[in-house]
Amino acid sequence: MTEPCTRIQACLADYLEQNLEPSECAEVAAHLAVCEVCRQEYRRLEQVLHLLQQWAPTVPTDALWQAIQAKLPRSSASPHRWGYALIGSAAAILTLIAIWQWGQPKPPPPITTQFRAEPFYRAHFDWAPHSEAVNLHLSLASGGL
């Protein structure tokens, strides 16, 4: 197929429906007068358009719609479906919260201060009976024996 035929056949549907500019319409008509291949394609498109214009789909009657509705289940949303939907929604929300929490910056660790236990032991030294390990610890903590 030649380049003019390709271009003309691309315009045939618009030509048939009279959607072309007058200059384009004249160009297509002149080409169809001399080209048998394009003229055959034009006739095929004419037949299709003619068949489409004759065809009218049947419109369902009210009785048919009522018969279809009678065969459909009464309730398409059972309580189980609602339960599954709620459980799925809750799981999705908890997942999003977990992801959000995981992405948050971690708080810094608490500041640790040096705890001196020596005053505590000294306060109880007088009244509490101590083992030798406690006495040794108190002695070492205070700087010696």
# chains A, B, ... in the order shown; residues from 1 in each chain; ligands from 1
>>> residues_around(residues="Ala29 of chain A", least_positions_apart="5", cutoff="12 Å", atoms="only C-alpha atoms", output="MDAnalysis selection string")
chainID A and resid 8:9 11:12 15:16 18 20 22:24 34:35 38:39 42
>>> write_last_selection(atoms="all heavy atoms", output="compact mmCIF listing (two decimals), in the first residue's frame")
# COMPACT_ATOMS: atom_id res chain seq x y z
N ILE A 8 -5.11 8.15 3.30
CA ILE A 8 -6.53 8.25 2.93
C ILE A 8 -7.35 7.24 3.74
O ILE A 8 -8.42 7.58 4.25
CB ILE A 8 -6.73 8.02 1.41
CG1 ILE A 8 -6.09 9.15 0.61
CG2 ILE A 8 -8.19 7.85 1.06
CD1 ILE A 8 -6.71 10.52 0.85
N GLN A 9 -6.86 6.00 3.89
CA GLN A 9 -7.61 5.00 4.63
C GLN A 9 -7.73 5.36 6.11
O GLN A 9 -8.71 4.98 6.75
CB GLN A 9 -6.99 3.62 4.45
CG GLN A 9 -7.27 3.06 3.07
CD GLN A 9 -6.82 1.62 2.90
OE1 GLN A 9 -6.46 0.96 3.86
NE2 GLN A 9 -6.88 1.14 1.67
N CYS A 11 -8.37 8.27 7.04
CA CYS A 11 -9.42 9.30 7.07
C CYS A 11 -10.78 8.78 6.62
O CYS A 11 -11.76 9.54 6.66
CB CYS A 11 -9.02 10.46 6.15
SG CYS A 11 -7.53 11.32 6.62
N LEU A 12 -10.89 7.53 6.19
CA LEU A 12 -12.14 7.04 5.59
C LEU A 12 -13.32 7.08 6.56
O LEU A 12 -14.43 7.44 6.16
CB LEU A 12 -11.95 5.63 5.04
CG LEU A 12 -11.19 5.54 3.72
CD1 LEU A 12 -11.06 4.08 3.28
CD2 LEU A 12 -11.87 6.36 2.64
N TYR A 15 -14.44 10.57 6.82
CA TYR A 15 -15.05 10.96 5.55
C TYR A 15 -16.48 10.41 5.46
O TYR A 15 -17.41 11.11 5.06
CB TYR A 15 -14.20 10.42 4.39
CG TYR A 15 -14.78 10.68 3.02
CD1 TYR A 15 -14.74 11.95 2.45
CD2 TYR A 15 -15.35 9.64 2.29
CE1 TYR A 15 -15.27 12.19 1.18
CE2 TYR A 15 -15.88 9.87 1.03
CZ TYR A 15 -15.83 11.14 0.48
OH TYR A 15 -16.36 11.37 -0.77
N LEU A 16 -16.65 9.16 5.90
CA LEU A 16 -17.96 8.52 5.85
C LEU A 16 -18.95 9.22 6.78
O LEU A 16 -20.12 9.36 6.45
CB LEU A 16 -17.81 7.04 6.25
CG LEU A 16 -19.00 6.14 6.07
CD1 LEU A 16 -19.42 6.06 4.61
CD2 LEU A 16 -18.68 4.75 6.59
N GLN A 18 -18.71 12.33 7.60
CA GLN A 18 -18.68 13.75 7.22
C GLN A 18 -18.08 14.62 8.33
O GLN A 18 -18.61 15.66 8.68
CB GLN A 18 -20.06 14.23 6.82
CG GLN A 18 -20.62 13.46 5.65
CD GLN A 18 -22.05 13.82 5.33
OE1 GLN A 18 -22.70 14.55 6.07
NE2 GLN A 18 -22.55 13.29 4.22
N LEU A 20 -14.78 15.66 8.12
CA LEU A 20 -13.55 16.23 7.57
C LEU A 20 -13.78 17.66 7.10
O LEU A 20 -14.91 18.07 6.79
CB LEU A 20 -13.05 15.39 6.38
CG LEU A 20 -12.57 13.98 6.71
CD1 LEU A 20 -12.18 13.27 5.40
CD2 LEU A 20 -11.41 13.98 7.67
N PRO A 22 -13.62 20.64 4.33
CA PRO A 22 -13.96 20.56 2.89
C PRO A 22 -12.75 20.22 2.01
O PRO A 22 -12.87 19.45 1.05
CB PRO A 22 -14.51 21.95 2.58
CG PRO A 22 -15.03 22.46 3.88
CD PRO A 22 -14.13 21.88 4.93
N SER A 23 -11.58 20.78 2.33
CA SER A 23 -10.41 20.48 1.50
C SER A 23 -10.00 19.01 1.64
O SER A 23 -9.66 18.36 0.65
CB SER A 23 -9.25 21.39 1.90
OG SER A 23 -8.90 21.19 3.26
N GLU A 24 -10.07 18.49 2.86
CA GLU A 24 -9.73 17.07 3.06
C GLU A 24 -10.77 16.17 2.41
O GLU A 24 -10.42 15.14 1.82
CB GLU A 24 -9.65 16.75 4.56
CG GLU A 24 -8.50 17.42 5.29
CD GLU A 24 -8.56 17.18 6.78
OE1 GLU A 24 -9.66 17.30 7.36
OE2 GLU A 24 -7.51 16.86 7.36
N VAL A 34 -9.91 7.28 -8.17
CA VAL A 34 -8.84 6.65 -8.96
C VAL A 34 -8.26 5.40 -8.32
O VAL A 34 -7.56 4.64 -8.98
CB VAL A 34 -7.70 7.65 -9.23
CG1 VAL A 34 -8.18 8.79 -10.12
CG2 VAL A 34 -7.07 8.15 -7.97
N CYS A 35 -8.54 5.13 -7.03
CA CYS A 35 -7.90 4.00 -6.33
C CYS A 35 -8.94 2.95 -5.96
O CYS A 35 -9.82 3.19 -5.12
CB CYS A 35 -7.18 4.50 -5.08
SG CYS A 35 -6.35 3.18 -4.17
N CYS A 38 -8.69 1.56 -2.06
CA CYS A 38 -9.30 2.45 -1.07
C CYS A 38 -10.81 2.49 -1.23
O CYS A 38 -11.54 2.58 -0.25
CB CYS A 38 -8.71 3.85 -1.18
SG CYS A 38 -6.98 3.93 -0.68
N ARG A 39 -11.27 2.35 -2.49
CA ARG A 39 -12.71 2.35 -2.73
C ARG A 39 -13.35 1.10 -2.11
O ARG A 39 -14.42 1.18 -1.52
CB ARG A 39 -12.98 2.40 -4.24
CG ARG A 39 -14.29 2.97 -4.60
CD ARG A 39 -14.51 3.26 -6.08
NE ARG A 39 -13.75 2.48 -7.05
CZ ARG A 39 -12.75 2.98 -7.80
NH1 ARG A 39 -12.40 4.24 -7.70
NH2 ARG A 39 -12.11 2.22 -8.66
N TYR A 42 -13.56 1.63 1.58
CA TYR A 42 -14.65 2.57 1.84
C TYR A 42 -16.00 1.84 1.83
O TYR A 42 -16.85 2.07 2.69
CB TYR A 42 -14.62 3.70 0.81
CG TYR A 42 -15.75 4.68 0.96
CD1 TYR A 42 -15.76 5.60 2.00
CD2 TYR A 42 -16.83 4.66 0.08
CE1 TYR A 42 -16.81 6.51 2.14
CE2 TYR A 42 -17.88 5.56 0.22
CZ TYR A 42 -17.86 6.47 1.26
OH TYR A 42 -18.91 7.36 1.40
>>> atom_distance(atom1="atom CA of Val37 of chain A", atom2="atom CA of Leu51 of chain A")
21.7 Å
>>> closest_residue(among="A:Tyr84, A:Ala13, A:Ala92, A:Trp102", to="Glu46 of chain A", atoms="only C-alpha atoms")
A:Ala13
>>> closest_residue(among="A:Leu72, A:His31, A:Trp82, A:Glu17", to="His50 of chain A", atoms="only C-alpha atoms")
A:Glu17
>>> select_by_dssp(residues="segment 5-101 of chain A", states="helix (DSSP H, G or I)", output="VMD selection string")
chain A and resid 5 to 16 22 to 34 36 to 54 62 to 71 79 to 101
>>> write_last_selection(atoms="C-alpha atoms", output="mmCIF file, in the first residue's frame")
data_model
loop_
_atom_site.group_PDB
_atom_site.id
_atom_site.type_symbol
_atom_site.label_atom_id
_atom_site.label_comp_id
_atom_site.auth_asym_id
_atom_site.auth_seq_id
_atom_site.Cartn_x
_atom_site.Cartn_y
_atom_site.Cartn_z
ATOM 1 C CA CYS A 5 -3.443 5.146 0.419
ATOM 2 C CA THR A 6 -2.363 4.768 4.069
ATOM 3 C CA ARG A 7 -3.188 8.404 4.760
ATOM 4 C CA ILE A 8 -6.531 8.247 2.929
ATOM 5 C CA GLN A 9 -7.612 5.002 4.629
ATOM 6 C CA ALA A 10 -6.898 6.582 8.001
ATOM 7 C CA CYS A 11 -9.419 9.304 7.070
ATOM 8 C CA LEU A 12 -12.138 7.044 5.589
ATOM 9 C CA ALA A 13 -14.234 6.721 8.777
ATOM 10 C CA ASP A 14 -14.256 10.489 9.247
ATOM 11 C CA TYR A 15 -15.055 10.956 5.552
ATOM 12 C CA LEU A 16 -17.957 8.519 5.854
ATOM 13 C CA PRO A 22 -13.956 20.557 2.889
ATOM 14 C CA SER A 23 -10.406 20.480 1.500
ATOM 15 C CA GLU A 24 -9.725 17.072 3.061
ATOM 16 C CA CYS A 25 -13.094 15.807 1.893
ATOM 17 C CA ALA A 26 -12.269 16.806 -1.694
ATOM 18 C CA GLU A 27 -8.859 15.107 -1.456
ATOM 19 C CA VAL A 28 -10.397 11.824 -0.227
ATOM 20 C CA ALA A 29 -13.115 11.927 -2.931
ATOM 21 C CA ALA A 30 -10.513 12.516 -5.648
ATOM 22 C CA HIS A 31 -8.398 9.603 -4.377
ATOM 23 C CA LEU A 32 -11.406 7.252 -4.166
ATOM 24 C CA ALA A 33 -12.202 8.060 -7.807
ATOM 25 C CA VAL A 34 -8.845 6.654 -8.964
ATOM 26 C CA GLU A 36 -9.775 0.684 -6.313
ATOM 27 C CA VAL A 37 -8.165 -0.577 -3.067
ATOM 28 C CA CYS A 38 -9.299 2.448 -1.069
ATOM 29 C CA ARG A 39 -12.710 2.351 -2.734
ATOM 30 C CA GLN A 40 -13.197 -1.285 -1.557
ATOM 31 C CA GLU A 41 -12.179 -0.319 1.991
ATOM 32 C CA TYR A 42 -14.653 2.565 1.843
ATOM 33 C CA ARG A 43 -17.460 0.164 0.802
ATOM 34 C CA ARG A 44 -16.619 -2.188 3.706
ATOM 35 C CA LEU A 45 -16.833 0.717 6.139
ATOM 36 C CA GLU A 46 -20.167 1.745 4.590
ATOM 37 C CA GLN A 47 -21.541 -1.762 5.201
ATOM 38 C CA VAL A 48 -20.396 -1.712 8.827
ATOM 39 C CA LEU A 49 -21.990 1.692 9.399
ATOM 40 C CA HIS A 50 -25.208 0.532 7.755
ATOM 41 C CA LEU A 51 -25.344 -2.593 9.965
ATOM 42 C CA LEU A 52 -24.660 -0.544 13.089
ATOM 43 C CA GLN A 53 -27.445 1.875 12.232
ATOM 44 C CA GLN A 54 -29.922 -1.012 11.851
ATOM 45 C CA ASP A 62 -39.040 -4.173 34.252
ATOM 46 C CA ALA A 63 -40.208 -7.776 34.583
ATOM 47 C CA LEU A 64 -36.749 -9.023 33.602
ATOM 48 C CA TRP A 65 -35.058 -6.737 36.149
ATOM 49 C CA GLN A 66 -37.447 -7.921 38.867
ATOM 50 C CA ALA A 67 -36.687 -11.550 38.004
ATOM 51 C CA ILE A 68 -32.952 -10.865 38.216
ATOM 52 C CA GLN A 69 -33.327 -9.085 41.561
ATOM 53 C CA ALA A 70 -35.396 -11.982 42.923
ATOM 54 C CA LYS A 71 -32.500 -14.361 42.199
ATOM 55 C CA PRO A 79 -22.152 -9.782 59.559
ATOM 56 C CA HIS A 80 -19.058 -11.939 59.074
ATOM 57 C CA ARG A 81 -17.873 -9.691 56.269
ATOM 58 C CA TRP A 82 -18.233 -6.638 58.509
ATOM 59 C CA GLY A 83 -16.271 -8.385 61.239
ATOM 60 C CA TYR A 84 -13.475 -9.282 58.858
ATOM 61 C CA ALA A 85 -13.429 -5.734 57.548
ATOM 62 C CA LEU A 86 -13.163 -4.312 61.076
ATOM 63 C CA ILE A 87 -10.410 -6.748 62.050
ATOM 64 C CA GLY A 88 -8.503 -5.947 58.870
ATOM 65 C CA SER A 89 -8.878 -2.208 59.462
ATOM 66 C CA ALA A 90 -7.695 -2.523 63.066
ATOM 67 C CA ALA A 91 -4.691 -4.579 61.971
ATOM 68 C CA ALA A 92 -3.815 -1.991 59.336
ATOM 69 C CA ILE A 93 -4.076 0.847 61.870
ATOM 70 C CA LEU A 94 -1.917 -0.998 64.411
ATOM 71 C CA THR A 95 0.652 -1.711 61.720
ATOM 72 C CA LEU A 96 0.779 1.960 60.750
ATOM 73 C CA ILE A 97 1.184 2.991 64.399
ATOM 74 C CA ALA A 98 3.992 0.460 64.857
ATOM 75 C CA ILE A 99 5.766 1.710 61.737
ATOM 76 C CA TRP A 100 5.330 5.311 62.895
ATOM 77 C CA GLN A 101 6.708 4.518 66.351
#
>>> atom_distance(atom1="atom CA of Leu140 of chain A", atom2="atom CA of Pro110 of chain A")
28.8 Å
>>> decode(residues="segment 4-18 of chain A", atoms="all heavy atoms", output="PDB file, in the first residue's frame")
ATOM      1  N   PRO A   4       0.039   7.552   0.078  1.00  0.00           N
ATOM      2  CA  PRO A   4      -1.246   8.250  -0.010  1.00  0.00           C
ATOM      3  C   PRO A   4      -2.416   7.352   0.404  1.00  0.00           C
ATOM      4  O   PRO A   4      -3.356   7.818   1.054  1.00  0.00           O
ATOM      5  CB  PRO A   4      -1.359   8.656  -1.480  1.00  0.00           C
ATOM      6  CG  PRO A   4       0.026   8.642  -2.007  1.00  0.00           C
ATOM      7  CD  PRO A   4       0.756   7.608  -1.208  1.00  0.00           C
ATOM      8  N   CYS A   5      -2.363   6.064   0.044  1.00  0.00           N
ATOM      9  CA  CYS A   5      -3.443   5.146   0.419  1.00  0.00           C
ATOM     10  C   CYS A   5      -3.521   4.994   1.937  1.00  0.00           C
ATOM     11  O   CYS A   5      -4.620   4.963   2.514  1.00  0.00           O
ATOM     12  CB  CYS A   5      -3.239   3.779  -0.235  1.00  0.00           C
ATOM     13  SG  CYS A   5      -3.523   3.785  -2.021  1.00  0.00           S
ATOM     14  N   THR A   6      -2.382   4.897   2.609  1.00  0.00           N
ATOM     15  CA  THR A   6      -2.363   4.768   4.069  1.00  0.00           C
ATOM     16  C   THR A   6      -2.998   5.995   4.705  1.00  0.00           C
ATOM     17  O   THR A   6      -3.812   5.881   5.633  1.00  0.00           O
ATOM     18  CB  THR A   6      -0.905   4.614   4.562  1.00  0.00           C
ATOM     19  OG1 THR A   6      -0.309   3.505   3.900  1.00  0.00           O
ATOM     20  CG2 THR A   6      -0.860   4.400   6.055  1.00  0.00           C
ATOM     21  N   ARG A   7      -2.649   7.160   4.204  1.00  0.00           N
ATOM     22  CA  ARG A   7      -3.188   8.404   4.760  1.00  0.00           C
ATOM     23  C   ARG A   7      -4.685   8.518   4.486  1.00  0.00           C
ATOM     24  O   ARG A   7      -5.461   8.904   5.359  1.00  0.00           O
ATOM     25  CB  ARG A   7      -2.422   9.595   4.159  1.00  0.00           C
ATOM     26  CG  ARG A   7      -2.703  10.913   4.815  1.00  0.00           C
ATOM     27  CD  ARG A   7      -1.735  11.991   4.358  1.00  0.00           C
ATOM     28  NE  ARG A   7      -1.420  11.985   2.932  1.00  0.00           N
ATOM     29  CZ  ARG A   7      -2.193  12.528   1.981  1.00  0.00           C
ATOM     30  NH1 ARG A   7      -3.298  13.115   2.297  1.00  0.00           N
ATOM     31  NH2 ARG A   7      -1.808  12.492   0.717  1.00  0.00           N
ATOM     32  N   ILE A   8      -5.114   8.149   3.299  1.00  0.00           N
ATOM     33  CA  ILE A   8      -6.531   8.247   2.929  1.00  0.00           C
ATOM     34  C   ILE A   8      -7.351   7.241   3.739  1.00  0.00           C
ATOM     35  O   ILE A   8      -8.425   7.578   4.253  1.00  0.00           O
ATOM     36  CB  ILE A   8      -6.726   8.021   1.406  1.00  0.00           C
ATOM     37  CG1 ILE A   8      -6.087   9.152   0.606  1.00  0.00           C
ATOM     38  CG2 ILE A   8      -8.192   7.849   1.056  1.00  0.00           C
ATOM     39  CD1 ILE A   8      -6.714  10.520   0.846  1.00  0.00           C
ATOM     40  N   GLN A   9      -6.856   6.004   3.887  1.00  0.00           N
ATOM     41  CA  GLN A   9      -7.612   5.002   4.629  1.00  0.00           C
ATOM     42  C   GLN A   9      -7.732   5.360   6.109  1.00  0.00           C
ATOM     43  O   GLN A   9      -8.709   4.985   6.754  1.00  0.00           O
ATOM     44  CB  GLN A   9      -6.986   3.615   4.448  1.00  0.00           C
ATOM     45  CG  GLN A   9      -7.265   3.058   3.065  1.00  0.00           C
ATOM     46  CD  GLN A   9      -6.823   1.621   2.902  1.00  0.00           C
ATOM     47  OE1 GLN A   9      -6.458   0.961   3.860  1.00  0.00           O
ATOM     48  NE2 GLN A   9      -6.878   1.140   1.667  1.00  0.00           N
ATOM     49  N   ALA A  10      -6.790   6.114   6.620  1.00  0.00           N
ATOM     50  CA  ALA A  10      -6.898   6.582   8.001  1.00  0.00           C
ATOM     51  C   ALA A  10      -8.019   7.609   8.139  1.00  0.00           C
ATOM     52  O   ALA A  10      -8.572   7.791   9.225  1.00  0.00           O
ATOM     53  CB  ALA A  10      -5.568   7.176   8.461  1.00  0.00           C
ATOM     54  N   CYS A  11      -8.374   8.272   7.042  1.00  0.00           N
ATOM     55  CA  CYS A  11      -9.419   9.304   7.070  1.00  0.00           C
ATOM     56  C   CYS A  11     -10.780   8.785   6.623  1.00  0.00           C
ATOM     57  O   CYS A  11     -11.762   9.539   6.663  1.00  0.00           O
ATOM     58  CB  CYS A  11      -9.022  10.463   6.148  1.00  0.00           C
ATOM     59  SG  CYS A  11      -7.533  11.315   6.624  1.00  0.00           S
ATOM     60  N   LEU A  12     -10.894   7.526   6.187  1.00  0.00           N
ATOM     61  CA  LEU A  12     -12.138   7.044   5.589  1.00  0.00           C
ATOM     62  C   LEU A  12     -13.318   7.082   6.558  1.00  0.00           C
ATOM     63  O   LEU A  12     -14.426   7.443   6.160  1.00  0.00           O
ATOM     64  CB  LEU A  12     -11.950   5.628   5.037  1.00  0.00           C
ATOM     65  CG  LEU A  12     -11.194   5.539   3.720  1.00  0.00           C
ATOM     66  CD1 LEU A  12     -11.064   4.083   3.276  1.00  0.00           C
ATOM     67  CD2 LEU A  12     -11.870   6.357   2.637  1.00  0.00           C
ATOM     68  N   ALA A  13     -13.122   6.714   7.819  1.00  0.00           N
ATOM     69  CA  ALA A  13     -14.234   6.721   8.777  1.00  0.00           C
ATOM     70  C   ALA A  13     -14.745   8.138   8.988  1.00  0.00           C
ATOM     71  O   ALA A  13     -15.969   8.373   9.006  1.00  0.00           O
ATOM     72  CB  ALA A  13     -13.789   6.101  10.094  1.00  0.00           C
ATOM     73  N   ASP A  14     -13.837   9.091   9.096  1.00  0.00           N
ATOM     74  CA  ASP A  14     -14.256  10.489   9.247  1.00  0.00           C
ATOM     75  C   ASP A  14     -14.932  10.993   7.970  1.00  0.00           C
ATOM     76  O   ASP A  14     -15.887  11.770   8.024  1.00  0.00           O
ATOM     77  CB  ASP A  14     -13.053  11.373   9.594  1.00  0.00           C
ATOM     78  CG  ASP A  14     -12.569  11.146  11.013  1.00  0.00           C
ATOM     79  OD1 ASP A  14     -13.416  10.815  11.875  1.00  0.00           O
ATOM     80  OD2 ASP A  14     -11.360  11.304  11.260  1.00  0.00           O
ATOM     81  N   TYR A  15     -14.443  10.565   6.824  1.00  0.00           N
ATOM     82  CA  TYR A  15     -15.055  10.956   5.552  1.00  0.00           C
ATOM     83  C   TYR A  15     -16.480  10.409   5.461  1.00  0.00           C
ATOM     84  O   TYR A  15     -17.406  11.113   5.064  1.00  0.00           O
ATOM     85  CB  TYR A  15     -14.201  10.423   4.388  1.00  0.00           C
ATOM     86  CG  TYR A  15     -14.777  10.679   3.022  1.00  0.00           C
ATOM     87  CD1 TYR A  15     -14.740  11.949   2.449  1.00  0.00           C
ATOM     88  CD2 TYR A  15     -15.349   9.642   2.293  1.00  0.00           C
ATOM     89  CE1 TYR A  15     -15.272  12.187   1.183  1.00  0.00           C
ATOM     90  CE2 TYR A  15     -15.877   9.869   1.026  1.00  0.00           C
ATOM     91  CZ  TYR A  15     -15.834  11.143   0.480  1.00  0.00           C
ATOM     92  OH  TYR A  15     -16.360  11.372  -0.771  1.00  0.00           O
ATOM     93  N   LEU A  16     -16.654   9.157   5.897  1.00  0.00           N
ATOM     94  CA  LEU A  16     -17.957   8.519   5.854  1.00  0.00           C
ATOM     95  C   LEU A  16     -18.953   9.221   6.780  1.00  0.00           C
ATOM     96  O   LEU A  16     -20.123   9.363   6.446  1.00  0.00           O
ATOM     97  CB  LEU A  16     -17.815   7.042   6.247  1.00  0.00           C
ATOM     98  CG  LEU A  16     -19.005   6.137   6.072  1.00  0.00           C
ATOM     99  CD1 LEU A  16     -19.419   6.059   4.614  1.00  0.00           C
ATOM    100  CD2 LEU A  16     -18.685   4.750   6.591  1.00  0.00           C
ATOM    101  N   GLU A  17     -18.476   9.687   7.912  1.00  0.00           N
ATOM    102  CA  GLU A  17     -19.345  10.374   8.878  1.00  0.00           C
ATOM    103  C   GLU A  17     -19.377  11.884   8.650  1.00  0.00           C
ATOM    104  O   GLU A  17     -19.946  12.620   9.448  1.00  0.00           O
ATOM    105  CB  GLU A  17     -18.883  10.061  10.301  1.00  0.00           C
ATOM    106  CG  GLU A  17     -19.053   8.592  10.655  1.00  0.00           C
ATOM    107  CD  GLU A  17     -18.544   8.265  12.042  1.00  0.00           C
ATOM    108  OE1 GLU A  17     -17.842   9.109  12.654  1.00  0.00           O
ATOM    109  OE2 GLU A  17     -18.835   7.162  12.509  1.00  0.00           O
ATOM    110  N   GLN A  18     -18.706  12.335   7.602  1.00  0.00           N
ATOM    111  CA  GLN A  18     -18.676  13.749   7.218  1.00  0.00           C
ATOM    112  C   GLN A  18     -18.078  14.618   8.325  1.00  0.00           C
ATOM    113  O   GLN A  18     -18.612  15.664   8.683  1.00  0.00           O
ATOM    114  CB  GLN A  18     -20.063  14.232   6.821  1.00  0.00           C
ATOM    115  CG  GLN A  18     -20.618  13.463   5.646  1.00  0.00           C
ATOM    116  CD  GLN A  18     -22.053  13.823   5.335  1.00  0.00           C
ATOM    117  OE1 GLN A  18     -22.699  14.554   6.068  1.00  0.00           O
ATOM    118  NE2 GLN A  18     -22.554  13.295   4.216  1.00  0.00           N
TER     119      GLN A  18
END
